[in-house]
file model.cif (mmCIF, C-alpha atoms)
data_input
#
loop_
_atom_site.label_atom_id
_atom_site.label_comp_id
_atom_site.auth_asym_id
_atom_site.auth_seq_id
_atom_site.Cartn_x
_atom_site.Cartn_y
_atom_site.Cartn_z
CA MET A 1 -7.24 -135.19 -6.37
CA SER A 2 -7.29 -136.34 -2.76
CA PHE A 3 -3.76 -137.70 -2.73
CA ALA A 4 -0.44 -136.94 -4.36
CA ILE A 5 2.77 -138.99 -4.40
CA LEU A 6 5.69 -136.70 -5.17
CA HIS A 7 8.88 -138.14 -6.64
CA GLY A 8 12.11 -136.72 -5.25
CA ASP A 9 14.12 -135.96 -2.13
CA CYS A 10 11.64 -135.04 0.59
CA ARG A 11 13.92 -132.26 1.82
CA ASP A 12 13.63 -130.50 -1.53
CA LEU A 13 9.97 -131.34 -2.06
CA MET A 14 8.86 -129.98 1.32
CA LYS A 15 10.60 -126.68 0.61
CA THR A 16 7.86 -126.07 -1.97
CA PHE A 17 5.07 -126.53 0.62
CA ASP A 18 3.47 -123.57 2.33
CA GLU A 19 4.31 -123.06 5.97
CA SER A 20 1.78 -124.62 8.38
CA SER A 21 -0.08 -126.36 5.52
CA ILE A 22 0.06 -129.89 6.98
CA HIS A 23 -2.19 -131.12 9.81
CA LEU A 24 -0.44 -134.41 10.62
CA ALA A 25 2.87 -136.00 9.66
CA VAL A 26 3.27 -139.76 10.10
CA THR A 27 6.35 -141.64 8.99
CA SER A 28 8.83 -144.43 9.48
CA PRO A 29 12.26 -143.18 8.40
CA PRO A 30 14.63 -145.46 6.51
CA TYR A 31 16.74 -147.58 8.84
CA TYR A 32 20.43 -146.75 8.96
CA ASN A 33 22.27 -148.87 6.37
CA ALA A 34 19.81 -151.73 6.85
CA ARG A 35 18.53 -151.73 3.27
CA GLU A 36 20.33 -151.39 -0.06
CA TYR A 37 18.36 -148.24 -0.90
CA ALA A 38 19.23 -146.42 2.35
CA THR A 39 22.94 -146.10 3.07
CA TRP A 40 25.06 -143.32 4.56
CA PRO A 41 28.85 -143.06 4.98
CA THR A 42 28.55 -142.69 8.77
CA TYR A 43 25.87 -142.79 11.43
CA GLN A 44 26.34 -139.06 11.99
CA ASP A 45 25.59 -138.45 8.30
CA TYR A 46 22.35 -140.38 8.82
CA LEU A 47 21.39 -138.27 11.83
CA ASP A 48 22.23 -135.06 9.96
CA PHE A 49 19.95 -136.20 7.14
CA LEU A 50 17.09 -136.85 9.56
CA GLU A 51 17.57 -133.47 11.20
CA GLN A 52 17.20 -131.75 7.84
CA VAL A 53 14.01 -133.69 7.14
CA PHE A 54 12.54 -133.00 10.59
CA THR A 55 13.33 -129.30 10.27
CA GLU A 56 11.21 -129.10 7.11
CA VAL A 57 8.42 -131.17 8.69
CA TYR A 58 8.37 -128.69 11.58
CA ARG A 59 8.07 -125.75 9.16
CA VAL A 60 5.18 -127.18 7.14
CA LEU A 61 3.24 -128.56 10.13
CA ALA A 62 0.50 -126.36 11.57
CA ASP A 63 0.81 -125.14 15.15
CA GLY A 64 -0.34 -127.67 17.72
CA ARG A 65 -0.35 -130.59 15.29
CA MET A 66 1.49 -133.87 15.62
CA PHE A 67 4.57 -135.46 14.08
CA VAL A 68 4.43 -139.23 14.67
CA VAL A 69 7.63 -141.22 14.01
CA ASN A 70 7.98 -145.00 14.06
CA SER A 71 11.49 -146.45 14.45
CA SER A 72 13.55 -149.16 16.10
CA PRO A 73 17.22 -149.88 16.83
CA VAL A 74 19.29 -151.32 14.00
CA ILE A 75 22.07 -153.87 14.38
CA SER A 76 25.03 -153.67 12.04
CA ALA A 77 27.58 -156.45 11.66
CA PRO A 78 31.18 -155.88 12.80
CA GLU A 79 33.35 -154.35 10.09
CA LYS A 80 36.18 -156.82 10.69
CA ALA A 81 35.89 -160.53 11.23
CA HIS A 82 37.92 -160.53 14.45
CA LYS A 83 35.63 -158.05 16.17
CA GLU A 84 33.45 -159.82 18.72
CA ASP A 85 30.39 -157.60 18.89
CA SER A 86 28.13 -155.97 16.35
CA THR A 87 26.90 -152.41 16.84
CA ARG A 88 23.34 -151.70 17.88
CA TRP A 89 22.32 -148.17 16.90
CA PRO A 90 19.75 -146.61 19.30
CA ILE A 91 17.83 -144.82 16.56
CA PRO A 92 14.60 -144.04 18.52
CA PHE A 93 16.54 -142.22 21.23
CA HIS A 94 18.47 -140.13 18.73
CA ILE A 95 15.27 -139.38 16.79
CA PHE A 96 13.75 -138.07 20.02
CA ASN A 97 16.76 -135.78 20.55
CA LEU A 98 16.58 -134.52 16.96
CA CYS A 99 12.86 -133.77 17.25
CA GLU A 100 13.43 -131.74 20.39
CA LYS A 101 16.39 -129.98 18.77
CA VAL A 102 14.32 -128.68 15.84
CA GLY A 103 11.54 -127.49 18.19
CA PHE A 104 9.04 -130.30 18.69
CA LYS A 105 7.50 -130.96 22.09
CA TYR A 106 7.29 -134.51 23.44
CA ILE A 107 3.71 -135.72 23.91
CA ASP A 108 3.73 -139.53 24.11
CA ASP A 109 5.55 -142.71 23.22
CA ILE A 110 3.79 -145.85 22.03
CA GLN A 111 5.25 -149.35 21.84
CA TRP A 112 4.24 -151.36 18.79
CA VAL A 113 4.60 -155.02 19.83
CA LYS A 114 4.93 -157.80 17.26
CA PRO A 115 4.82 -161.58 17.71
CA GLU A 116 8.15 -163.01 18.89
CA GLY A 117 8.42 -165.04 15.70
CA ALA A 118 8.68 -161.79 13.74
CA ALA A 119 11.97 -160.84 15.43
CA PRO A 120 15.48 -162.10 14.61
CA ASN A 121 16.84 -164.45 17.27
CA ARG A 122 19.40 -162.58 19.40
CA ASN A 123 19.63 -164.91 22.39
CA GLY A 124 20.85 -168.10 20.76
CA ALA A 125 24.36 -167.77 22.23
CA PHE A 126 22.97 -166.99 25.67
CA TYR A 127 20.72 -170.05 25.51
CA GLN A 128 23.76 -172.30 25.23
CA GLY A 129 25.66 -171.06 28.28
CA ARG A 130 23.25 -168.83 30.25
CA LYS A 131 26.18 -166.66 31.35
CA PRO A 132 25.26 -163.26 32.85
CA VAL A 133 26.09 -160.17 30.80
CA THR A 134 25.73 -162.19 27.57
CA TYR A 135 21.92 -161.94 27.70
CA LYS A 136 20.30 -160.26 24.68
CA PRO A 137 16.50 -160.26 24.38
CA ASN A 138 14.69 -160.64 21.10
CA THR A 139 13.41 -157.23 20.04
CA ILE A 140 9.69 -157.52 19.37
CA SER A 141 8.73 -153.86 19.72
CA GLU A 142 9.22 -150.65 17.79
CA ALA A 143 8.99 -147.16 19.23
CA ILE A 144 6.41 -144.64 18.07
CA LEU A 145 7.15 -141.10 19.19
CA VAL A 146 4.33 -138.56 19.24
CA MET A 147 5.76 -135.04 19.01
CA GLN A 148 3.87 -131.77 18.73
CA LYS A 149 4.64 -128.45 17.11
CA PRO A 150 4.10 -126.17 20.12
CA THR A 151 1.08 -123.93 20.48
CA CYS A 152 -0.33 -121.83 23.30
CA LYS A 153 -3.23 -124.23 23.92
CA VAL A 154 -4.16 -127.62 22.52
CA SER A 155 -7.68 -126.28 21.99
CA GLN A 156 -6.17 -123.72 19.62
CA ALA A 157 -5.34 -126.54 17.19
CA ILE A 158 -8.93 -127.80 17.02
CA LYS A 159 -11.02 -124.65 17.43
CA ASP A 160 -12.01 -124.53 13.75
CA TYR A 161 -13.50 -128.03 13.70
CA LYS A 162 -17.26 -127.92 14.16
CA GLY A 163 -20.48 -129.48 12.98
CA ASP A 164 -20.38 -132.51 10.71
CA VAL A 165 -16.59 -132.50 10.39
CA LEU A 166 -16.14 -132.71 14.14
CA LYS A 167 -18.86 -135.34 14.43
CA GLN A 168 -17.33 -137.49 11.68
CA SER A 169 -13.90 -137.21 13.26
CA LEU A 170 -14.81 -138.45 16.73
CA VAL A 171 -12.96 -141.63 17.70
CA PRO A 172 -15.47 -144.48 18.21
CA ASP A 173 -15.61 -146.98 21.06
CA GLY A 174 -12.99 -149.70 20.98
CA TYR A 175 -10.02 -147.34 20.77
CA GLU A 176 -6.69 -148.41 22.28
CA ARG A 177 -6.46 -147.23 25.89
CA SER A 178 -2.81 -148.00 26.58
CA ASN A 179 0.48 -147.11 24.92
CA VAL A 180 1.27 -150.76 24.15
CA TRP A 181 -0.21 -151.80 20.81
CA TYR A 182 -0.18 -155.47 19.75
CA ILE A 183 -0.34 -155.42 15.96
CA GLN A 184 0.75 -158.03 13.42
CA PRO A 185 3.50 -156.84 11.04
CA GLU A 186 2.83 -156.45 7.33
CA THR A 187 3.76 -159.62 5.45
CA ALA A 188 2.31 -159.18 1.96
CA SER A 189 3.98 -155.90 0.99
CA LYS A 190 6.36 -155.67 -1.96
CA HIS A 191 8.33 -153.05 -0.02
CA THR A 192 11.27 -154.42 1.98
CA ALA A 193 10.49 -152.47 5.17
CA PRO A 194 6.72 -151.95 5.49
CA TYR A 195 4.65 -151.13 8.51
CA PRO A 196 1.03 -152.29 8.80
CA VAL A 197 -2.10 -150.38 7.82
CA ALA A 198 -3.62 -151.39 11.18
CA LEU A 199 -0.97 -149.22 12.81
CA THR A 200 -1.35 -146.16 10.58
CA ASP A 201 -5.15 -146.46 10.74
CA ARG A 202 -4.95 -145.70 14.46
CA LEU A 203 -2.40 -142.91 14.09
CA VAL A 204 -4.42 -141.11 11.43
CA GLN A 205 -7.68 -141.52 13.36
CA TYR A 206 -6.27 -140.48 16.75
CA TYR A 207 -4.25 -137.46 15.59
CA SER A 208 -6.17 -135.84 12.71
CA PHE A 209 -9.63 -134.74 11.62
CA VAL A 210 -11.70 -135.56 8.56
CA GLY A 211 -10.57 -133.29 5.72
CA ASP A 212 -7.09 -132.73 7.19
CA THR A 213 -3.94 -133.05 5.10
CA VAL A 214 -1.63 -135.89 6.17
CA LEU A 215 2.03 -136.02 5.11
CA ASP A 216 4.50 -138.88 5.01
CA PRO A 217 7.96 -137.63 3.98
CA PHE A 218 9.10 -141.26 3.51
CA ASN A 219 6.12 -142.57 1.56
CA GLY A 220 7.51 -146.04 0.83
CA SER A 221 4.69 -148.35 -0.26
CA GLY A 222 2.05 -145.79 0.75
CA THR A 223 0.77 -147.32 3.99
CA THR A 224 0.14 -143.94 5.62
CA GLY A 225 -1.65 -142.84 2.44
CA VAL A 226 -4.00 -145.82 2.48
CA SER A 227 -5.02 -144.97 6.05
CA ALA A 228 -5.44 -141.28 5.27
CA ILE A 229 -7.61 -141.79 2.18
CA LYS A 230 -9.72 -144.53 3.80
CA GLN A 231 -10.55 -142.11 6.60
CA ASP A 232 -11.36 -139.12 4.40
CA ARG A 233 -8.15 -137.17 4.79
CA PHE A 234 -6.06 -135.66 2.03
CA TYR A 235 -2.62 -137.22 1.62
CA ILE A 236 0.81 -136.13 0.39
CA GLY A 237 3.65 -138.64 0.18
CA CYS A 238 7.26 -137.93 -0.74
CA GLU A 239 9.26 -140.79 -2.24
CA ILE A 240 12.75 -140.75 -3.72
CA HIS A 241 12.54 -144.17 -5.40
CA GLU A 242 10.47 -144.19 -8.56
CA LYS A 243 9.35 -147.81 -8.31
CA TYR A 244 7.75 -147.11 -4.93
CA VAL A 245 6.02 -144.02 -6.33
CA GLU A 246 4.14 -146.16 -8.84
CA MET A 247 3.62 -149.00 -6.37
CA SER A 248 2.04 -146.71 -3.80
CA LYS A 249 -0.17 -144.96 -6.35
CA ASP A 250 -1.57 -148.33 -7.42
CA ARG A 251 -2.10 -149.29 -3.80
CA ILE A 252 -3.85 -146.08 -2.69
CA GLN A 253 -5.97 -145.48 -5.79
CA PRO A 254 -8.69 -148.08 -5.00
CA TYR A 255 -9.47 -146.21 -1.77
CA ASP A 256 -9.73 -142.82 -3.49
CA ASN A 257 -13.42 -142.33 -4.18
CA SER A 258 -13.18 -138.55 -4.11
CA LEU A 259 -13.67 -137.04 -0.68
CA LYS A 260 -17.19 -136.25 0.41
CA ALA A 261 -18.30 -132.63 0.80
CA LEU A 262 -16.94 -132.01 4.26
CA LEU A 263 -17.48 -128.37 5.05
#
call {"tool": "encode", "arguments": {"input": "model.cif", "output": "structure tokens"}}
result
Amino acid sequence: MSFAILHGDCRDLMKTFDESSIHLAVTSPPYYNAREYATWPTYQDYLDFLEQVFTEVYRVLADGRMFVVNSSPVISAPEKAHKEDSTRWPIPFHIFNLCEKVGFKYIDDIQWVKPEGAAPNRNGAFYQGRKPVTYKPNTISEAILVMQKPTCKVSQAIKDYKGDVLKQSLVPDGYERSNVWYIQPETASKHTAPYPVALTDRLVQYYSFVGDTVLDPFNGSGTTGVSAIKQDRFYIGCEIHEKYVEMSKDRIQPYDNSLKALL
């Protein structure tokens, strides 16, 4: 079996994984109280939850390998009608702090840019009056943080890759040279908060080798898994909602032709 979708809380599931058994972790955590299936009493409870998840990801990730996290700010409506402003939670910045807190080293940040039509309109009020300080741009980007579990040398993380595996893993011409990636959002997914395969295709290709094991602790509809299996990696997804377990299995299965003999 070249992929497995595990049903349950990823914090508990990852505790059963061997230390340093994962070669790449790619995920997009649930947005704070932005979906009916992902709610917390307070924002601090949400951050505490993420810290617990990231701590386990750090434990199971091999030395020198990457943890790639996609996120964006979330706007919540005012709790009382007379309040003028909503609250905009700076999730990417807090995720960065949490990653550093549990031990990860910052490597890069990538901006995923979507068409303006894909973003909610935030500057309607400003358009009417054009008054300074009331300006609010439409948010058409999401932040992708690339964090690394520290190692003495980067070469230490790739020293065992040789021969055909190394050759098959080389990134071909046409790779993205900048940290600004223009990619259309996913529109056909049955999941309420998907990210596109075109995005995870790059992340899997740029940060792992053929035959590696890729983990997504928030499996969702299995986008990371599709990219991993298509590119001859093994995949483990953790998913707490049973309907998404079955959905992602059905989505990934057509790409699972049994991995070639790699070693």
call {"tool": "residues_around", "arguments": {"input": "model.cif", "residues": "stretch 155-165 of chain A", "least_positions_apart": "4", "cutoff": "10 Å", "atoms": "only C-alpha atoms", "output": "CSV table (one decimal) with C-alpha atoms, in the coordinates of the input"}}
result
chain,number,residue,atom,x,y,z
A,23,HIS,CA,-2.2,-131.1,9.8
A,62,ALA,CA,0.5,-126.4,11.6
A,63,ASP,CA,0.8,-125.1,15.2
A,64,GLY,CA,-0.3,-127.7,17.7
A,65,ARG,CA,-0.4,-130.6,15.3
A,150,PRO,CA,4.1,-126.2,20.1
A,151,THR,CA,1.1,-123.9,20.5
A,169,SER,CA,-13.9,-137.2,13.3
A,170,LEU,CA,-14.8,-138.4,16.7
A,208,SER,CA,-6.2,-135.8,12.7
A,209,PHE,CA,-9.6,-134.7,11.6
A,210,VAL,CA,-11.7,-135.6,8.6
A,211,GLY,CA,-10.6,-133.3,5.7
A,261,ALA,CA,-18.3,-132.6,0.8
A,262,LEU,CA,-16.9,-132.0,4.3
A,263,LEU,CA,-17.5,-128.4,5.0
call {"tool": "closest_residue", "arguments": {"input": "model.cif", "among": "A:Leu13, A:Ala125, A:Met147, A:Ile75", "to": "A:Tyr207", "atoms": "only C-alpha atoms"}}
result
A:Met147
call {"tool": "closest_residue", "arguments": {"input": "model.cif", "among": "A:Leu47, A:Ile5, A:Leu98, A:Ile144", "to": "A:Ile110", "atoms": "only C-alpha atoms"}}
result
A:Ile144
call {"tool": "residues_around", "arguments": {"input": "model.cif", "residues": "stretch 212-214 of chain A", "least_positions_apart": "4", "cutoff": "8 Å", "atoms": "only C-alpha atoms", "output": "list of chain:residue names"}}
result
A:Ser21, A:Ile22, A:His23, A:Leu24, A:Ala25, A:Val26, A:Val204, A:Ser208, A:Gly225, A:Ala228, A:Arg233, A:Phe234, A:Tyr235, A:Ile236
call {"tool": "resolve_selection", "arguments": {"input": "model.cif", "expression": "the PyMOL selection byres ((chain A and resi 252) around 8)", "output": "list of chain:residue names"}}
result
A:Gly222, A:Gly225, A:Val226, A:Ile229, A:Ser248, A:Lys249, A:Asp250, A:Arg251, A:Gln253, A:Pro254, A:Tyr255, A:Asp256
call {"tool": "write_last_selection", "arguments": {"input": "model.cif", "atoms": "C-alpha atoms", "output": "compact mmCIF listing (two decimals), in the coordinates of the input"}}
result
# COMPACT_ATOMS: atom_id res chain seq x y z
CA GLY A 222 2.05 -145.79 0.75
CA GLY A 225 -1.65 -142.84 2.44
CA VAL A 226 -4.00 -145.82 2.48
CA ILE A 229 -7.61 -141.79 2.18
CA SER A 248 2.04 -146.71 -3.80
CA LYS A 249 -0.17 -144.96 -6.35
CA ASP A 250 -1.57 -148.33 -7.42
CA ARG A 251 -2.10 -149.29 -3.80
CA GLN A 253 -5.97 -145.48 -5.79
CA PRO A 254 -8.69 -148.08 -5.00
CA TYR A 255 -9.47 -146.21 -1.77
CA ASP A 256 -9.73 -142.82 -3.49
call {"tool": "residues_around", "arguments": {"input": "model.cif", "residues": "A:Lys243", "least_positions_apart": "4", "cutoff": "10 Å", "atoms": "only C-alpha atoms", "output": "MDAnalysis selection string"}}
result
chainID A and resid 7 191 220:221 239 247:248
call {"tool": "atom_distance", "arguments": {"input": "model.cif", "atom1": "atom CA of A:Thr55", "atom2": "atom CA of A:Val102"}}
result
5.7 Å
call {"tool": "resolve_selection", "arguments": {"input": "model.cif", "expression": "the PyMOL selection byres ((chain A and resi 6) around 10)", "output": "JSON, numbers by chain"}}
result
{"A": [3, 4, 5, 7, 8, 9, 10, 13, 14, 217, 219, 236, 237, 238, 239, 240, 242, 245]}
call {"tool": "write_last_selection", "arguments": {"input": "model.cif", "atoms": "C-alpha atoms", "output": "short mmCIF file (atom, residue, chain, number, x, y, z; two decimals), keeping the file's coordinate frame"}}
result
data_model
loop_
_atom_site.label_atom_id
_atom_site.label_comp_id
_atom_site.auth_asym_id
_atom_site.auth_seq_id
_atom_site.Cartn_x
_atom_site.Cartn_y
_atom_site.Cartn_z
CA PHE A 3 -3.76 -137.70 -2.73
CA ALA A 4 -0.44 -136.94 -4.36
CA ILE A 5 2.77 -138.99 -4.40
CA HIS A 7 8.88 -138.14 -6.64
CA GLY A 8 12.11 -136.72 -5.25
CA ASP A 9 14.12 -135.96 -2.13
CA CYS A 10 11.64 -135.04 0.59
CA LEU A 13 9.97 -131.34 -2.06
CA MET A 14 8.86 -129.98 1.32
CA PRO A 217 7.96 -137.63 3.98
CA ASN A 219 6.12 -142.57 1.56
CA ILE A 236 0.81 -136.13 0.39
CA GLY A 237 3.65 -138.64 0.18
CA CYS A 238 7.26 -137.93 -0.74
CA GLU A 239 9.26 -140.79 -2.24
CA ILE A 240 12.75 -140.75 -3.72
CA GLU A 242 10.47 -144.19 -8.56
CA VAL A 245 6.02 -144.02 -6.33
#
call {"tool": "closest_residue", "arguments": {"input": "model.cif", "among": "A:Phe218, A:Phe126, A:Tyr195, A:Tyr182", "to": "A:Val113", "atoms": "only C-alpha atoms"}}
result
A:Tyr182
call {"tool": "atom_distance", "arguments": {"input": "model.cif", "atom1": "atom CA of A:Leu145", "atom2": "atom CA of A:Trp40"}}
result
23.2 Å
call {"tool": "closest_residue", "arguments": {"input": "model.cif", "among": "A:Val60, A:Val68, A:Gln111, A:Phe93", "to": "A:Thr224", "atoms": "all atoms listed in the file"}}
result
A:Val68
call {"tool": "atom_distance", "arguments": {"input": "model.cif", "atom1": "atom CA of A:Lys230", "atom2": "atom CA of A:Ile183"}}
result
18.8 Å
